[in-house]
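K.L.:
So I've got this file, upload_31.cif, and it contains mmCIF, C-alpha atoms and all ligand atoms:
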data_my_file
loop_
_atom_site.label_atom_id
_atom_site.label_comp_id
_atom_site.auth_asym_id
_atom_site.auth_seq_id
_atom_site.Cartn_x
_atom_site.Cartn_y
_atom_site.Cartn_z
CA MET A 1 -19.78 -28.41 1.70
CA ARG A 2 -19.07 -25.17 3.51
CA GLN A 3 -16.16 -23.22 2.09
CA LEU A 4 -13.43 -21.92 4.39
CA LEU A 5 -12.75 -18.21 3.85
CA SER A 6 -10.10 -16.11 5.58
CA LEU A 7 -10.25 -12.57 6.82
CA VAL A 8 -6.96 -10.73 7.42
CA VAL A 9 -7.16 -7.83 9.85
CA PRO A 10 -4.11 -5.67 10.75
CA PHE A 11 -4.27 -4.14 14.24
CA TYR A 12 -1.99 -1.37 15.40
CA ASN A 13 -3.17 0.31 18.61
CA GLU A 14 -6.84 -0.40 17.90
CA ALA A 15 -7.94 -1.31 21.46
CA GLU A 16 -10.84 1.14 21.15
CA THR A 17 -12.32 -0.48 18.07
CA ILE A 18 -11.94 -4.24 18.68
CA GLN A 19 -15.28 -4.70 20.46
CA VAL A 20 -17.36 -2.81 17.91
CA PHE A 21 -15.44 -4.41 15.08
CA ALA A 22 -16.17 -7.96 16.25
CA ALA A 23 -19.77 -7.13 17.13
CA ARG A 24 -20.47 -5.80 13.65
CA LEU A 25 -18.39 -8.33 11.75
CA LEU A 26 -19.60 -11.66 13.16
CA PRO A 27 -23.31 -11.41 12.27
CA VAL A 28 -22.30 -10.38 8.75
CA LEU A 29 -20.04 -13.43 8.36
CA GLU A 30 -22.68 -15.76 9.77
CA ALA A 31 -25.17 -14.51 7.21
CA VAL A 32 -23.00 -15.50 4.23
CA PRO A 33 -24.38 -18.87 3.07
CA ASP A 34 -22.26 -22.04 3.00
CA THR A 35 -19.14 -20.55 4.55
CA ARG A 36 -16.80 -21.16 7.48
CA TRP A 37 -14.49 -18.35 8.52
CA GLU A 38 -11.09 -17.90 10.03
CA ILE A 39 -10.27 -14.39 11.19
CA LEU A 40 -6.54 -13.75 11.22
CA CYS A 41 -5.84 -10.79 13.46
CA VAL A 42 -2.30 -9.50 13.11
CA ASP A 43 -1.14 -7.51 16.12
CA ASP A 44 1.45 -5.21 14.59
CA GLY A 45 3.35 -4.40 17.80
CA SER A 46 0.52 -2.48 19.48
CA ALA A 47 1.29 -0.76 22.79
CA ASP A 48 -2.22 -0.12 24.07
CA GLY A 49 -3.77 -3.41 25.17
CA THR A 50 -4.87 -4.39 21.67
CA LEU A 51 -3.08 -7.73 22.01
CA LEU A 52 -4.76 -8.66 25.32
CA LYS A 53 -8.18 -7.92 23.89
CA LEU A 54 -7.47 -9.91 20.74
CA VAL A 55 -6.18 -12.89 22.72
CA ALA A 56 -9.29 -12.78 24.93
CA LEU A 57 -11.41 -12.78 21.80
CA ALA A 58 -9.49 -15.73 20.33
CA GLN A 59 -9.84 -17.72 23.55
CA GLY A 60 -13.61 -17.49 23.40
CA ASP A 61 -14.04 -18.04 19.67
CA ALA A 62 -12.14 -20.58 17.60
CA ARG A 63 -12.62 -18.55 14.44
CA PHE A 64 -10.16 -15.92 15.69
CA LYS A 65 -6.44 -16.49 15.42
CA VAL A 66 -3.95 -13.88 16.59
CA ILE A 67 -0.55 -13.45 14.98
CA GLU A 68 1.58 -11.43 17.37
CA PHE A 69 4.50 -9.52 15.85
CA SER A 70 7.68 -8.93 17.83
CA ARG A 71 7.40 -5.19 17.09
CA ASN A 72 5.62 -2.76 14.73
CA PHE A 73 6.45 -3.78 11.16
CA GLY A 74 3.81 -1.67 9.38
CA LYS A 75 0.52 -2.46 7.70
CA GLU A 76 2.08 -3.96 4.57
CA ALA A 77 4.00 -6.52 6.65
CA ALA A 78 0.89 -7.28 8.72
CA LEU A 79 -1.13 -7.98 5.56
CA THR A 80 1.69 -10.15 4.23
CA ALA A 81 1.75 -12.20 7.44
CA GLY A 82 -2.02 -12.69 7.36
CA ILE A 83 -2.00 -13.71 3.72
CA ASP A 84 0.88 -16.13 4.37
CA ALA A 85 -1.02 -17.78 7.22
CA ALA A 86 -4.46 -17.88 5.57
CA ARG A 87 -5.84 -21.30 4.72
CA GLY A 88 -9.12 -20.20 3.14
CA GLU A 89 -10.21 -20.64 -0.46
CA ALA A 90 -10.45 -16.88 -0.63
CA VAL A 91 -8.81 -14.18 1.50
CA ILE A 92 -10.23 -10.76 2.38
CA PRO A 93 -7.97 -8.11 3.97
CA ILE A 94 -10.03 -5.59 5.94
CA ASP A 95 -9.11 -2.64 8.22
CA ALA A 96 -9.85 -2.93 11.92
CA ASP A 97 -11.41 0.52 12.24
CA LEU A 98 -14.65 -0.26 10.36
CA GLN A 99 -13.80 2.17 7.57
CA ASP A 100 -14.24 -0.83 5.28
CA PRO A 101 -17.88 -1.89 5.75
CA PRO A 102 -18.10 -5.65 6.59
CA GLU A 103 -21.54 -5.73 4.96
CA LEU A 104 -19.81 -5.66 1.57
CA ILE A 105 -18.29 -9.08 2.24
CA ALA A 106 -21.52 -10.89 1.30
CA ASP A 107 -21.50 -9.18 -2.11
CA MET A 108 -17.81 -9.94 -2.58
CA VAL A 109 -18.40 -13.63 -1.93
CA ARG A 110 -21.31 -13.61 -4.37
CA GLU A 111 -19.14 -12.10 -7.13
CA TRP A 112 -16.36 -14.56 -6.32
CA ARG A 113 -18.75 -17.50 -6.61
CA ALA A 114 -19.92 -16.09 -9.92
CA GLY A 115 -16.37 -16.42 -11.23
CA ALA A 116 -14.36 -13.36 -10.20
CA GLU A 117 -10.83 -14.02 -8.95
CA VAL A 118 -10.40 -10.57 -7.44
CA VAL A 119 -13.28 -8.47 -6.12
CA LEU A 120 -12.23 -4.86 -5.54
CA ALA A 121 -14.05 -2.49 -3.21
CA ARG A 122 -13.99 1.06 -4.55
CA ARG A 123 -14.78 4.03 -2.31
CA ILE A 124 -17.23 6.27 -4.10
CA ASP A 125 -17.20 8.78 -1.28
CA ARG A 126 -13.99 9.63 0.56
CA SER A 127 -15.31 12.75 2.26
CA THR A 128 -14.38 11.21 5.64
CA ASP A 129 -10.72 11.32 4.63
CA GLY A 130 -10.01 15.06 4.61
CA LEU A 131 -9.32 17.23 1.56
CA LEU A 132 -5.53 17.05 1.72
CA LYS A 133 -5.43 13.25 1.93
CA ARG A 134 -7.94 12.92 -0.89
CA LYS A 135 -6.08 15.32 -3.17
CA THR A 136 -2.64 13.87 -2.51
CA ALA A 137 -4.00 10.35 -3.02
CA GLU A 138 -5.51 11.45 -6.34
CA TRP A 139 -2.17 12.97 -7.48
CA PHE A 140 -0.34 9.86 -6.40
CA TYR A 141 -2.53 7.52 -8.44
CA ARG A 142 -2.47 9.79 -11.47
CA ALA A 143 1.32 10.18 -11.44
CA HIS A 144 1.92 6.53 -10.59
CA ASN A 145 -0.29 5.23 -13.37
CA LYS A 146 1.40 7.55 -15.89
CA LEU A 147 4.88 6.41 -14.92
CA SER A 148 4.34 2.72 -14.27
CA LYS A 149 3.07 -0.11 -16.42
CA THR A 150 1.24 -1.56 -13.41
CA HIS A 151 -2.10 0.22 -13.22
CA ILE A 152 -3.24 0.74 -9.62
CA PRO A 153 -7.01 1.37 -9.59
CA GLU A 154 -7.96 4.70 -8.01
CA ASN A 155 -9.93 4.87 -4.74
CA VAL A 156 -9.36 1.21 -4.04
CA GLY A 157 -7.70 0.26 -0.76
CA ASP A 158 -6.54 -3.07 0.55
CA PHE A 159 -10.16 -4.14 1.21
CA ARG A 160 -10.84 -6.74 -1.48
CA LEU A 161 -11.43 -10.43 -2.01
CA LEU A 162 -8.57 -12.56 -3.35
CA ASP A 163 -9.07 -16.05 -4.71
CA ARG A 164 -6.66 -18.80 -3.58
CA LYS A 165 -4.94 -18.62 -7.00
CA VAL A 166 -4.22 -14.91 -6.44
CA VAL A 167 -3.02 -15.55 -2.89
CA ASN A 168 -0.60 -18.21 -4.08
CA ALA A 169 0.72 -15.85 -6.74
CA LEU A 170 1.26 -13.15 -4.10
CA LYS A 171 3.00 -15.56 -1.77
CA ALA A 172 5.41 -16.50 -4.55
CA LEU A 173 6.65 -12.90 -4.90
CA PRO A 174 9.97 -12.77 -3.08
CA GLU A 175 10.38 -9.05 -2.40
CA ARG A 176 10.73 -7.86 1.19
CA GLN A 177 9.47 -4.32 0.83
CA ARG A 178 5.88 -4.97 0.02
CA PHE A 179 3.72 -2.21 -1.44
CA MET A 180 0.60 -4.36 -1.32
CA LYS A 181 -1.67 -2.23 -3.50
CA GLY A 182 0.94 -2.45 -6.26
CA LEU A 183 1.53 -6.19 -5.80
CA PHE A 184 -2.21 -6.86 -5.83
CA ALA A 185 -2.48 -5.01 -9.13
CA TRP A 186 0.68 -6.57 -10.57
CA VAL A 187 -0.48 -10.19 -10.22
CA GLY A 188 -3.55 -9.45 -12.37
CA PHE A 189 -6.43 -12.00 -12.60
CA ARG A 190 -10.10 -11.61 -13.48
CA THR A 191 -11.35 -8.59 -11.53
CA VAL A 192 -14.78 -7.25 -10.58
CA THR A 193 -15.29 -3.91 -8.79
CA LEU A 194 -17.94 -3.07 -6.17
CA ASP A 195 -18.63 0.45 -4.89
CA TYR A 196 -19.08 1.51 -1.28
CA MET A 197 -19.16 4.57 0.93
CA ARG A 198 -16.07 5.12 3.09
CA ALA A 199 -17.16 5.42 6.73
CA PRO A 200 -15.35 7.47 9.37
CA ARG A 201 -13.14 5.59 11.85
CA ALA A 202 -15.09 3.74 14.57
CA GLY A 203 -12.68 5.13 17.16
CA GLY A 204 -9.01 5.95 17.73
CA MET A 205 -6.82 7.79 15.25
CA THR A 206 -5.32 7.21 11.81
CA LYS A 207 -1.83 5.70 11.84
CA PHE A 208 -0.87 7.37 8.57
CA SER A 209 -0.01 11.05 8.75
CA GLY A 210 1.82 13.37 6.32
CA PHE A 211 5.36 11.99 6.26
CA ALA A 212 4.27 8.34 6.53
CA LEU A 213 2.04 8.81 3.48
CA TRP A 214 4.85 10.55 1.57
CA ASN A 215 7.18 7.60 2.24
CA PHE A 216 4.40 5.21 1.27
CA ALA A 217 3.92 7.01 -2.05
CA LEU A 218 7.69 6.95 -2.66
CA GLU A 219 7.67 3.22 -1.99
CA GLY A 220 4.86 2.85 -4.53
CA PHE A 221 6.74 4.76 -7.23
CA THR A 222 10.10 3.11 -6.75
CA SER A 223 8.67 -0.41 -6.43
CA PHE A 224 6.76 -0.28 -9.65
CA SER A 225 8.49 2.18 -11.92
CA THR A 226 11.99 3.08 -12.98
CA ALA A 227 10.73 6.13 -14.90
CA PRO A 228 11.98 8.58 -12.24
CA LEU A 229 15.50 7.25 -12.86
CA LYS A 230 15.21 7.71 -16.60
CA ILE A 231 13.92 11.30 -16.54
CA TRP A 232 17.39 12.51 -15.64
CA THR A 233 18.91 11.24 -18.85
CA TYR A 234 16.53 13.46 -20.78
CA MET A 235 17.07 16.36 -18.39
CA GLY A 236 20.81 15.93 -18.93
CA VAL A 237 20.47 15.86 -22.71
CA ALA A 238 18.22 18.94 -22.65
CA GLY A 239 20.67 20.75 -20.37
CA ALA A 240 23.61 19.86 -22.61
CA LEU A 241 21.81 21.09 -25.75
CA PHE A 242 20.90 24.29 -24.00
CA THR A 243 24.51 24.77 -22.88
CA VAL A 244 25.86 24.28 -26.43
CA ALA A 245 23.33 26.78 -27.80
CA TYR A 246 24.17 29.26 -25.09
CA ALA A 247 27.92 28.85 -25.72
CA LEU A 248 27.40 29.57 -29.43
CA PHE A 249 25.34 32.61 -28.55
CA ILE A 250 28.10 33.94 -26.28
CA ILE A 251 30.80 33.40 -28.92
CA VAL A 252 28.77 35.23 -31.56
CA HIS A 253 27.87 37.93 -29.07
CA THR A 254 31.55 38.43 -28.12
CA PHE A 255 32.52 38.85 -31.78
CA ILE A 256 29.82 41.42 -32.38
CA SER A 257 29.93 43.57 -29.25
CA GLY A 258 33.18 42.60 -27.47
CA VAL A 259 33.70 41.24 -23.98
CA SER A 260 31.00 42.28 -21.54
CA VAL A 261 31.72 42.33 -17.80
CA PRO A 262 28.16 41.78 -16.46
CA GLY A 263 26.95 38.20 -16.26
CA TYR A 264 27.57 37.19 -12.66
CA ALA A 265 23.86 36.93 -12.00
CA SER A 266 23.15 34.58 -14.87
CA LEU A 267 26.24 32.50 -14.02
CA PHE A 268 25.20 32.17 -10.43
CA VAL A 269 21.68 31.14 -11.42
CA ALA A 270 22.95 28.55 -13.88
CA VAL A 271 25.45 27.07 -11.43
CA SER A 272 22.98 26.77 -8.57
CA PHE A 273 20.22 25.46 -10.82
CA PHE A 274 22.31 22.65 -12.25
CA GLY A 275 23.76 22.00 -8.81
CA SER A 276 20.26 21.41 -7.44
CA VAL A 277 19.29 19.25 -10.38
CA GLN A 278 22.32 17.10 -9.68
CA LEU A 279 21.48 16.85 -5.98
CA ILE A 280 17.93 15.78 -6.77
CA SER A 281 19.07 13.14 -9.20
CA VAL A 282 21.70 11.84 -6.81
CA GLY A 283 19.03 11.68 -4.09
CA LEU A 284 16.79 9.77 -6.43
CA LEU A 285 19.54 7.27 -7.17
CA GLY A 286 19.89 6.96 -3.41
CA GLU A 287 16.22 6.03 -3.06
CA TYR A 288 16.62 3.14 -5.47
CA ILE A 289 20.01 2.03 -4.18
CA GLY A 290 18.62 2.09 -0.63
CA ARG A 291 15.87 -0.25 -1.71
CA ILE A 292 18.29 -2.55 -3.51
CA TYR A 293 20.35 -2.59 -0.31
CA VAL A 294 17.36 -3.54 1.83
CA GLU A 295 16.34 -6.30 -0.59
CA THR A 296 19.83 -7.81 -0.75
CA LYS A 297 19.88 -8.23 3.01
CA GLN A 298 17.07 -10.76 2.58
CA ARG A 299 15.54 -10.03 5.95
CA PRO A 300 12.02 -11.35 6.47
CA ALA A 301 9.17 -8.84 6.08
CA TYR A 302 8.05 -9.52 9.68
CA ILE A 303 8.84 -11.57 12.77
CA VAL A 304 6.15 -13.42 14.71
CA ARG A 305 6.56 -13.64 18.49
CA GLN A 306 3.65 -15.99 19.05
CA ILE A 307 0.43 -17.29 17.51
CA HIS A 308 -2.63 -17.38 19.77
CA GLN A 309 -5.46 -19.72 18.87
CA VAL A 310 -7.70 -22.26 20.50
CA THR A 311 -7.61 -25.61 18.72
CA ASP A 312 -10.53 -25.91 16.34
CA GLY A 313 -9.83 -29.48 15.32
CA ALA A 314 -8.67 -28.36 11.87
N1 LIG B 401 -2.08 -0.55 10.76
C1 LIG B 401 -1.12 -1.54 11.04
N2 LIG B 401 0.19 -1.16 11.22
C2 LIG B 401 0.59 0.14 11.12
C3 LIG B 401 -0.39 1.13 10.81
C4 LIG B 401 -1.71 0.74 10.62
O1 LIG B 401 -1.45 -2.70 11.15
O2 LIG B 401 1.78 0.41 11.30
C5 LIG B 401 -3.49 -0.96 10.57
C6 LIG B 401 -4.51 -0.20 11.42
O3 LIG B 401 -4.63 -0.77 12.70
C7 LIG B 401 -5.79 -0.33 10.60
C8 LIG B 401 -5.26 -0.32 9.17
O4 LIG B 401 -3.87 -0.66 9.24
O5 LIG B 401 -6.45 -1.57 10.84
C9 LIG B 401 -5.45 1.02 8.49
O6 LIG B 401 -4.87 2.03 9.26
P1 LIG B 401 -5.52 3.47 9.41
O7 LIG B 401 -6.99 3.34 9.65
O8 LIG B 401 -4.74 4.20 10.45
O9 LIG B 401 -5.24 4.09 7.97
P2 LIG B 401 -6.23 5.06 7.14
O10 LIG B 401 -7.56 4.36 7.07
O11 LIG B 401 -6.29 6.32 7.90
O12 LIG B 401 -5.55 5.18 5.81
MG MG B 402 -8.66 3.81 8.70
#
As structure tokens, what does this structure read like?
P.N.:
Amino acid sequence: MRQLLSLVVPFYNEAETIQVFAARLLPVLEAVPDTRWEILCVDDGSADGTLLKLVALAQGDARFKVIEFSRNFGKEAALTAGIDAARGEAVIPIDADLQDPPELIADMVREWRAGAEVVLARRIDRSTDGLLKRKTAEWFYRAHNKLSKTHIPENVGDFRLLDRKVVNALKALPERQRFMKGLFAWVGFRTVTLDYMRAPRAGGMTKFSGFALWNFALEGFTSFSTAPLKIWTYMGVAGALFTVAYALFIIVHTFISGVSVPGYASLFVAVSFFGSVQLISVGLLGEYIGRIYVETKQRPAYIVRQIHQVTDGA
């Protein structure tokens, strides 16, 4: 009995890499013993001919199935759509740019068959990612794992193997804003980690630059931790204690040396400092309330325009 496994590949303006991706991927898949594969390519609203190339690929090879979004919904939505549509006994999300080496798939399947429910792929070398991205990623994981009870493993991307049990657990999570790395970690299950070297992109450019990554990190924090909301209570208590102490000091000081005219500077500093603290905390409340607002609208995480696939008799 050959097992059906699913690959989920998000594509956003990856026309340059499709050919090399398929050429390197297929021999690797064929070499994994006792398996059949379905390759779910999610076209996330590309504007560069990615869709045409994917459809051409799917027309010549029944293993490929193309899920075409009605617009760009982002990588998290693309992964969600692929995982929703996957029929395999295990599902492997993988980037289209060959930064996740397909060769690791054989090892993942081996670990899975040996009993692992999740097989993580950890990058031991991220030198292809640029110093700033590496450092900010490191700070994000460190801060996130301090603040949240859900531990997100460091240097692990979306490239991993998920057993059917894990996939079903993920599909049962109702939230619309899906920070996949966090959700993957949250569902738990028996996990094994493999190491690999992160390759440079096979072509094209990264879709995640400064501000996109910042928003992504914010999404991660607010989806999995309410600690940032709670800090302000302690800040408020500390500020109040300080104010009481300072008031006592001023009273005593006035008794001893009379009323002193100077003090505008310190007043101004105190007023603007606490003003900013209040603005930050109001902004933070806004971040959470904004997310509550989005969730309550109950909109789907993505919209499919069309599914392209040649019938494979299944
Ligand atoms: N991607 C996507 N939708 C987006 C942005 C990216 O489907 O809005 C896909 C992209 O095509 C690639 C994967 O997500 O397959 C990872 O993107 P990228 O390589 O740009 O991220 P990086 O590796 O630089 O973090
Ligand atoms: Mg990449």
K.L.:
Kindly work out which residues sit at most 10 Å from ligand LIG 401 (chain B), using all atoms listed in the file, and give the list as a PyMOL selection string.
P.N.:
chain A and resi 8-15+17-18+41-46+50+71-79+93-100+128-129+133+157-158+198-209+212-213
K.L.:
Quick one: pull the distance between atom CA of Gln309 of chain A and atom CA of Gln19 of chain A, Å, one decimal.
P.N.:
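It comes out at 18.0 Å.
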K.L.:
For a quick check of understanding, using all atoms listed in the file, which of A:Val167, A:Thr311, A:Trp214, A:Ala116 has the smallest distance to Val192 of chain A?
P.N.:
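Closest candidate: A:Ala116.
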K.L.:
Using all atoms listed in the file, which protein or nucleic acid residues come within 12 Å of segment 149-153 of chain A? Drop anything in the same chain fewer than 6 positions from it, and give the result as an MDAnalysis selection string.
P.N.:
chainID A and resid 120:123 137:138 140:143 179:188 191:193 220:221 223:227
K.L.:
Quick one: pull the distance between atom CA of Ser266 of chain A and atom CA of Gly236 of chain A, Å, one decimal.
P.N.:
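A separation of 19.2 Å between them.
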K.L.:
One number please: atom CA of Leu26 of chain A to atom CA of Glu103 of chain A, in Å, one decimal.
P.N.:
10.3 Å
K.L.:
From the list A:Ala247, A:Asp195, A:Arg126, A:Ala81, which residue is nearest ligand MG 402 (chain B) when using all atoms listed in the file?
P.N.:
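Going through A:Ala247, A:Asp195, A:Arg126, A:Ala81 one by one, the smallest distance to ligand MG 402 (chain B) is for A:Arg126.
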K.L.:
Between A:Pro101, A:Glu117, A:Phe189, A:Trp112, single out the one closest to ligand MG 402 (chain B), counting only C-alpha atoms and all ligand atoms.
P.N.:
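Going through A:Pro101, A:Glu117, A:Phe189, A:Trp112 one by one, the smallest distance to ligand MG 402 (chain B) is for A:Pro101.
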